[in-house]
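Participant: Structure file final-v6.tsv (TSV, C-alpha atoms and all ligand atoms) right here:
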```
chain	number	residue	atom	x	y	z
A	247	MET	CA	16.41	-6.55	-4.84
A	248	ILE	CA	13.51	-7.85	-2.76
A	249	LYS	CA	10.80	-5.41	-1.72
A	250	ILE	CA	8.49	-6.03	1.22
A	251	ALA	CA	5.04	-4.50	0.88
A	252	PRO	CA	2.93	-4.77	4.05
A	253	SER	CA	-0.77	-4.99	3.22
A	254	LEU	CA	-2.98	-2.51	5.04
A	255	LEU	CA	-5.81	-5.04	5.01
A	256	SER	CA	-4.45	-6.49	8.25
A	257	ALA	CA	-3.74	-3.08	9.83
A	258	ASP	CA	-5.93	-1.26	12.34
A	259	PHE	CA	-8.38	0.59	10.07
A	260	ALA	CA	-9.16	3.05	12.85
A	261	ALA	CA	-5.52	4.12	12.93
A	262	LEU	CA	-4.27	3.83	9.34
A	263	GLY	CA	-2.05	6.92	9.52
A	264	ALA	CA	-0.14	5.58	12.51
A	265	GLU	CA	-0.02	2.08	10.99
A	266	VAL	CA	1.62	3.20	7.71
A	267	ALA	CA	4.04	5.44	9.59
A	268	GLU	CA	5.05	2.50	11.76
A	269	ALA	CA	5.43	0.21	8.74
A	270	GLU	CA	7.74	2.78	7.13
A	271	LYS	CA	9.81	3.10	10.29
A	272	SER	CA	9.93	-0.71	10.50
A	273	GLY	CA	11.63	-1.09	7.12
A	274	ALA	CA	8.79	-1.58	4.65
A	275	ASP	CA	9.59	-0.74	1.00
A	276	TRP	CA	6.09	-0.19	-0.35
A	277	ILE	CA	2.65	0.00	1.28
A	278	HIS	CA	0.17	-2.39	-0.33
A	279	VAL	CA	-3.40	-1.10	-0.45
A	280	ASP	CA	-6.20	-3.57	-1.19
A	281	VAL	CA	-9.23	-2.04	-2.89
A	282	MET	CA	-12.28	-4.33	-3.00
A	283	ASP	CA	-15.70	-3.58	-4.45
A	284	GLY	CA	-17.94	-6.39	-3.19
A	285	ARG	CA	-18.41	-7.55	-6.80
A	286	PHE	CA	-15.09	-8.78	-8.20
A	287	VAL	CA	-14.40	-10.12	-4.70
A	288	PRO	CA	-16.87	-10.71	-1.85
A	289	ASN	CA	-15.33	-8.13	0.47
A	290	ILE	CA	-15.56	-4.30	0.46
A	291	THR	CA	-12.67	-2.18	1.71
A	292	LEU	CA	-11.72	1.36	0.76
A	293	GLY	CA	-11.50	3.88	-2.07
A	294	PRO	CA	-9.47	6.89	-3.27
A	295	VAL	CA	-10.44	9.08	-0.29
A	296	VAL	CA	-8.71	6.68	2.10
A	297	VAL	CA	-5.69	6.27	-0.20
A	298	LYS	CA	-5.30	10.05	-0.18
A	299	ALA	CA	-5.56	10.22	3.61
A	300	VAL	CA	-2.97	7.44	4.02
A	301	SER	CA	-0.55	9.05	1.55
A	302	ALA	CA	-0.16	12.01	3.88
A	303	HIS	CA	1.40	9.72	6.51
A	304	THR	CA	4.15	8.04	4.49
A	305	SER	CA	6.76	8.78	1.87
A	306	LEU	CA	6.73	5.15	0.69
A	307	SER	CA	5.19	4.23	-2.66
A	308	LEU	CA	1.55	3.23	-2.40
A	309	ASP	CA	1.02	-0.03	-4.26
A	310	VAL	CA	-2.69	-0.05	-5.05
A	311	HIS	CA	-4.20	-3.47	-5.83
A	312	LEU	CA	-7.58	-3.00	-7.49
A	313	MET	CA	-9.84	-6.00	-6.93
A	314	ILE	CA	-12.72	-4.27	-8.66
A	315	GLU	CA	-14.78	-4.58	-11.80
A	316	ASN	CA	-14.33	-1.92	-14.50
A	317	PRO	CA	-11.11	-0.58	-12.95
A	318	GLU	CA	-10.67	1.82	-15.90
A	319	ARG	CA	-13.33	4.04	-14.32
A	320	TYR	CA	-11.18	4.71	-11.24
A	321	ILE	CA	-7.55	4.80	-12.44
A	322	ALA	CA	-7.35	8.62	-12.61
A	323	GLU	CA	-8.87	8.98	-9.15
A	324	PHE	CA	-6.42	6.57	-7.53
A	325	ALA	CA	-3.53	8.28	-9.33
A	326	ALA	CA	-4.68	11.67	-8.03
A	327	ALA	CA	-5.02	10.17	-4.55
A	328	GLY	CA	-1.30	9.33	-4.51
A	329	ALA	CA	-0.91	5.81	-5.91
A	330	ALA	CA	2.57	5.05	-7.31
A	331	VAL	CA	1.72	1.58	-8.62
A	332	ILE	CA	-1.71	0.49	-9.83
A	333	THR	CA	-2.45	-3.18	-10.43
A	334	VAL	CA	-5.62	-4.37	-12.13
A	335	HIS	CA	-6.85	-7.94	-12.47
A	336	ALA	CA	-6.59	-9.59	-15.88
A	337	GLU	CA	-9.94	-11.29	-15.09
A	338	ALA	CA	-11.63	-7.89	-14.61
A	339	CYS	CA	-10.48	-6.26	-17.87
A	340	VAL	CA	-11.84	-6.92	-21.34
A	341	HIS	CA	-9.45	-4.31	-22.76
A	342	LEU	CA	-6.42	-5.01	-20.62
A	343	HIS	CA	-3.94	-3.31	-22.97
A	344	ARG	CA	-5.95	-0.08	-22.88
A	345	VAL	CA	-6.18	-0.06	-19.07
A	346	VAL	CA	-2.45	-0.73	-18.68
A	347	HIS	CA	-1.63	2.20	-20.95
A	348	GLN	CA	-4.11	4.39	-19.10
A	349	ILE	CA	-2.04	3.74	-15.94
A	350	LYS	CA	1.30	4.34	-17.69
A	351	GLU	CA	0.14	7.56	-19.32
A	352	LEU	CA	-0.46	8.96	-15.84
A	353	GLY	CA	3.22	8.29	-15.06
A	354	LEU	CA	2.55	5.37	-12.68
A	355	LEU	CA	3.90	1.84	-12.65
A	356	ALA	CA	1.38	-0.54	-14.21
A	357	GLY	CA	0.70	-4.02	-12.90
A	358	VAL	CA	-1.58	-6.90	-13.85
A	359	ALA	CA	-2.73	-9.49	-11.30
A	360	ILE	CA	-3.75	-13.07	-12.01
A	361	ASN	CA	-5.89	-15.24	-9.74
A	362	PRO	CA	-4.81	-18.76	-8.77
A	363	ALA	CA	-6.99	-20.32	-11.51
A	364	THR	CA	-5.74	-17.96	-14.25
A	365	PRO	CA	-2.83	-19.24	-16.34
A	366	ALA	CA	0.41	-17.28	-16.62
A	367	SER	CA	-0.27	-17.01	-20.36
A	368	ALA	CA	-2.95	-14.38	-19.55
A	369	VAL	CA	-0.12	-11.82	-19.21
A	370	LYS	CA	2.31	-13.16	-21.85
A	371	GLU	CA	1.26	-10.95	-24.79
A	372	ILE	CA	1.28	-7.83	-22.67
A	373	LEU	CA	4.45	-8.56	-20.66
A	374	PRO	CA	6.66	-5.97	-22.46
A	375	ASP	CA	4.13	-3.26	-21.53
A	376	LEU	CA	4.05	-4.14	-17.83
A	377	ASP	CA	6.14	-2.91	-14.94
A	378	LEU	CA	4.79	-5.61	-12.64
A	379	VAL	CA	2.87	-8.88	-12.63
A	380	LEU	CA	1.08	-9.85	-9.44
A	381	VAL	CA	0.75	-13.60	-9.04
A	382	MET	CA	-2.00	-14.17	-6.47
A	383	THR	CA	-1.00	-16.93	-4.08
A	384	VAL	CA	-4.49	-17.02	-2.52
A	385	ASN	CA	-7.94	-16.28	-3.94
A	386	PRO	CA	-8.36	-12.53	-3.47
A	387	GLY	CA	-10.82	-11.11	-0.97
A	388	PHE	CA	-9.46	-11.68	2.50
A	389	GLY	CA	-6.28	-11.50	4.55
A	390	GLY	CA	-4.89	-14.39	6.56
A	391	GLN	CA	-5.59	-17.20	4.07
A	392	ALA	CA	-3.32	-20.17	3.42
A	393	PHE	CA	-0.72	-19.95	0.64
A	394	ILE	CA	-1.60	-22.02	-2.46
A	395	PRO	CA	1.58	-23.87	-3.57
A	396	SER	CA	0.27	-24.70	-7.07
A	397	THR	CA	0.64	-21.00	-8.02
A	398	VAL	CA	4.45	-21.07	-7.73
A	399	HIS	CA	5.21	-22.50	-11.17
A	400	LYS	CA	3.57	-19.41	-12.72
A	401	ILE	CA	6.13	-17.16	-11.03
A	402	ARG	CA	8.91	-19.21	-12.57
A	403	GLU	CA	7.24	-19.22	-15.99
A	404	ILE	CA	6.71	-15.45	-16.03
A	405	ARG	CA	10.28	-14.78	-14.80
A	406	GLU	CA	11.61	-16.95	-17.65
A	407	TRP	CA	9.55	-15.05	-20.25
A	408	ALA	CA	10.72	-11.71	-18.86
A	409	ASN	CA	14.36	-12.87	-18.96
A	410	GLU	CA	13.96	-14.12	-22.53
A	411	ILE	CA	12.96	-10.65	-23.70
A	412	GLY	CA	15.42	-8.88	-21.39
A	413	HIS	CA	12.59	-7.16	-19.52
A	414	ASP	CA	13.26	-5.87	-16.01
A	415	LEU	CA	9.87	-6.96	-14.66
A	416	ARG	CA	8.80	-6.87	-11.05
A	417	ILE	CA	6.96	-10.04	-10.00
A	418	GLU	CA	4.82	-9.55	-6.91
A	419	VAL	CA	3.18	-12.24	-4.81
A	420	ASP	CA	0.21	-11.71	-2.53
A	421	GLY	CA	-1.47	-14.03	-0.06
A	422	GLY	CA	-0.11	-16.23	2.70
A	423	ILE	CA	3.39	-14.77	2.44
A	424	ALA	CA	5.36	-15.23	5.67
A	425	GLU	CA	8.78	-16.43	6.77
A	426	ALA	CA	7.99	-20.00	5.68
A	427	THR	CA	6.70	-19.17	2.18
A	428	ALA	CA	9.02	-16.23	1.32
A	429	PRO	CA	11.95	-18.46	0.25
A	430	ILE	CA	9.69	-20.51	-2.03
A	431	VAL	CA	8.43	-17.50	-3.97
A	432	SER	CA	11.72	-15.63	-4.09
A	433	GLU	CA	13.53	-18.71	-5.37
A	434	ALA	CA	10.90	-18.92	-8.13
A	435	GLY	CA	11.60	-15.31	-9.16
A	436	ALA	CA	9.28	-13.07	-7.15
A	437	ASP	CA	10.81	-9.81	-5.95
A	438	VAL	CA	7.92	-7.91	-4.34
A	439	LEU	CA	6.45	-9.74	-1.36
A	440	VAL	CA	3.11	-8.55	0.01
A	441	ALA	CA	2.46	-9.54	3.60
A	442	GLY	CA	-0.64	-8.63	5.58
A	443	ASN	CA	-1.09	-10.87	8.55
A	444	ALA	CA	2.63	-11.68	8.74
A	445	VAL	CA	3.40	-7.96	9.33
A	446	PHE	CA	0.38	-6.07	10.66
A	447	GLY	CA	-0.83	-9.10	12.59
A	448	GLN	CA	2.41	-9.05	14.59
A	449	SER	CA	3.24	-6.80	17.52
A	450	ASN	CA	6.86	-6.23	16.41
A	451	ARG	CA	6.53	-5.12	12.80
A	452	ALA	CA	10.24	-4.38	12.34
A	453	ALA	CA	11.16	-7.91	13.41
A	454	ALA	CA	8.42	-9.34	11.18
A	455	ILE	CA	9.61	-7.41	8.11
A	456	SER	CA	13.26	-8.31	8.60
A	457	ALA	CA	12.40	-11.97	9.18
A	458	ILE	CA	10.49	-12.14	5.88
A	459	ARG	CA	13.25	-10.25	4.07
A	460	ALA	CA	15.95	-12.53	5.48
A	461	ALA	CA	13.92	-15.63	4.62
A	462	ALA	CA	13.58	-14.35	1.05
A	463	GLY	CA	17.34	-13.94	0.92
A	464	GLY	CA	17.45	-10.19	0.51
A	465	ALA	CA	19.26	-8.02	3.03
A	466	LYS	CA	18.15	-4.40	2.68
A	467	LEU	CA	20.80	-2.15	1.16
A	468	GLY	CA	20.52	1.54	1.98
B	1	LIG	C1	-6.04	-10.60	-0.51
B	1	LIG	C2	-5.24	-9.33	-0.57
B	1	LIG	C3	-3.96	-9.40	0.14
B	1	LIG	C4	-4.06	-9.70	1.62
B	1	LIG	C5	-2.90	-10.57	1.99
B	1	LIG	O1	-7.12	-10.49	-1.34
B	1	LIG	O2	-4.97	-8.98	-1.92
B	1	LIG	O3	-3.14	-8.27	-0.10
B	1	LIG	O4	-4.04	-8.56	2.43
B	1	LIG	O5	-3.02	-10.93	3.31
B	1	LIG	P1	-2.13	-12.07	3.97
B	1	LIG	O6	-0.68	-11.65	3.76
B	1	LIG	O7	-2.54	-12.03	5.38
B	1	LIG	O8	-2.44	-13.34	3.27
B	2	ZN	ZN	-3.42	-7.39	-2.33
```
Once you've parsed the file, please lay out its structure as structure tokens.
Ligand code: DX5
Ligand code: ZN
Facilitator:
Amino acid sequence: MIKIAPSLLSADFAALGAEVAEAEKSGADWIHVDVMDGRFVPNITLGPVVVKAVSAHTSLSLDVHLMIENPERYIAEFAAAGAAVITVHAEACVHLHRVVHQIKELGLLAGVAINPATPASAVKEILPDLDLVLVMTVNPGFGGQAFIPSTVHKIREIREWANEIGHDLRIEVDGGIAEATAPIVSEAGADVLVAGNAVFGQSNRAAAISAIRAAAGGAKLG
């Protein structure tokens, strides 16, 4: 079952409450929240205070993507702020196993993201512990970048490993996802599609979400 997760990075930051409410009404499944620290990535965005404020305006799961160094310092705060899913970058964690279990012990879904230059094998050992792997399809830091096709084989590889061990893993993709790229990633095995510009950059968000969903081959049930 495909999930569409609009990324707030392309929303109107002066009206985040209204933006998430509209995304929910428009058929979004999760709300993707990009947290950037100006160190792991060049850009700076928002922290737990904003996540908490946004959570009051939607009943959808908040899918928090931490593009920050030392994410272990902030897991509890993002959980308290209302995150349902927390994803950390493999490249930012020396003790990835410990951080993943820190997230799970708080009762949240735990995800690990890998940058375009990071091999799929970076998550192989820890796959049974994960609820989600986020395969970055752009270099993290900014919305509206072009999809990098050479990342697609990693989706396929990770889906095969998950199937081999009978693990019901979510594979999320993030960056340059739109109607044209959705079928490529869903065919490879991705089932959570983040879309910033392709949803919040459009005036008709409902049409944008259903176009991406249809292109990915997943009609929404219920
Ligand atoms: C990039 C972020 C993405 C971004 C995607 O670093 O992680 O979530 O918002 O934006 P689009 O869909 O516009 O490429
Ligand atoms: Zn993201």
Participant: Point out the residue among A:Val266, A:Leu312, A:Val398, A:Val331 with the least atom-to-atom distance to ligand LIG 1 (chain B), counting all atoms listed in the file.
Facilitator: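 Looking only at the distances to ligand LIG 1 (chain B), the closest residue turns out to be A:Leu312.
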Participant: Give me, as an MDAnalysis selection string, the set of residues whose atoms come within 8 Å of any atom of ligand LIG 1 (chain B), counting all atoms listed in the file.
Facilitator: chainID A and resid 252:256 278:280 311 313 382 384:393 420:424 440:445 447
Participant: Suppose you want the space between atom CA of A:Gln448 and atom CA of A:Asp258; what is it in Å?
Facilitator: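 Going from atom CA of A:Gln448 over to atom CA of A:Asp258 covers 11.6 Å.
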Participant: In Å, with one decimal, what is the gap from atom CA of A:Gly412 to atom CA of A:Glu318?
Facilitator: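 Interatomic distance here is 28.7 Å.
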Participant: Could you jot down the atom CA of A:Ala454 to atom CA of A:Leu308 separation for me, Å, one decimal place?
Facilitator: 19.7 Å
Participant: Name the residues, using the chain letters and numbers of the file, that sit within 10 Å of (4.6, -12.1, -12.9) when counting only C-alpha atoms, and give them as a ChimeraX atom specification.
Facilitator: /A:357-360,366,369-370,373,376-382,400-408,415-419,435-437
Participant: For A:His303, please output as number ranges by chain all residues within 6 Å (counting only C-alpha atoms; exclusion window: fewer than 3 positions along the same chain).
Facilitator: A: 263, 267, 300
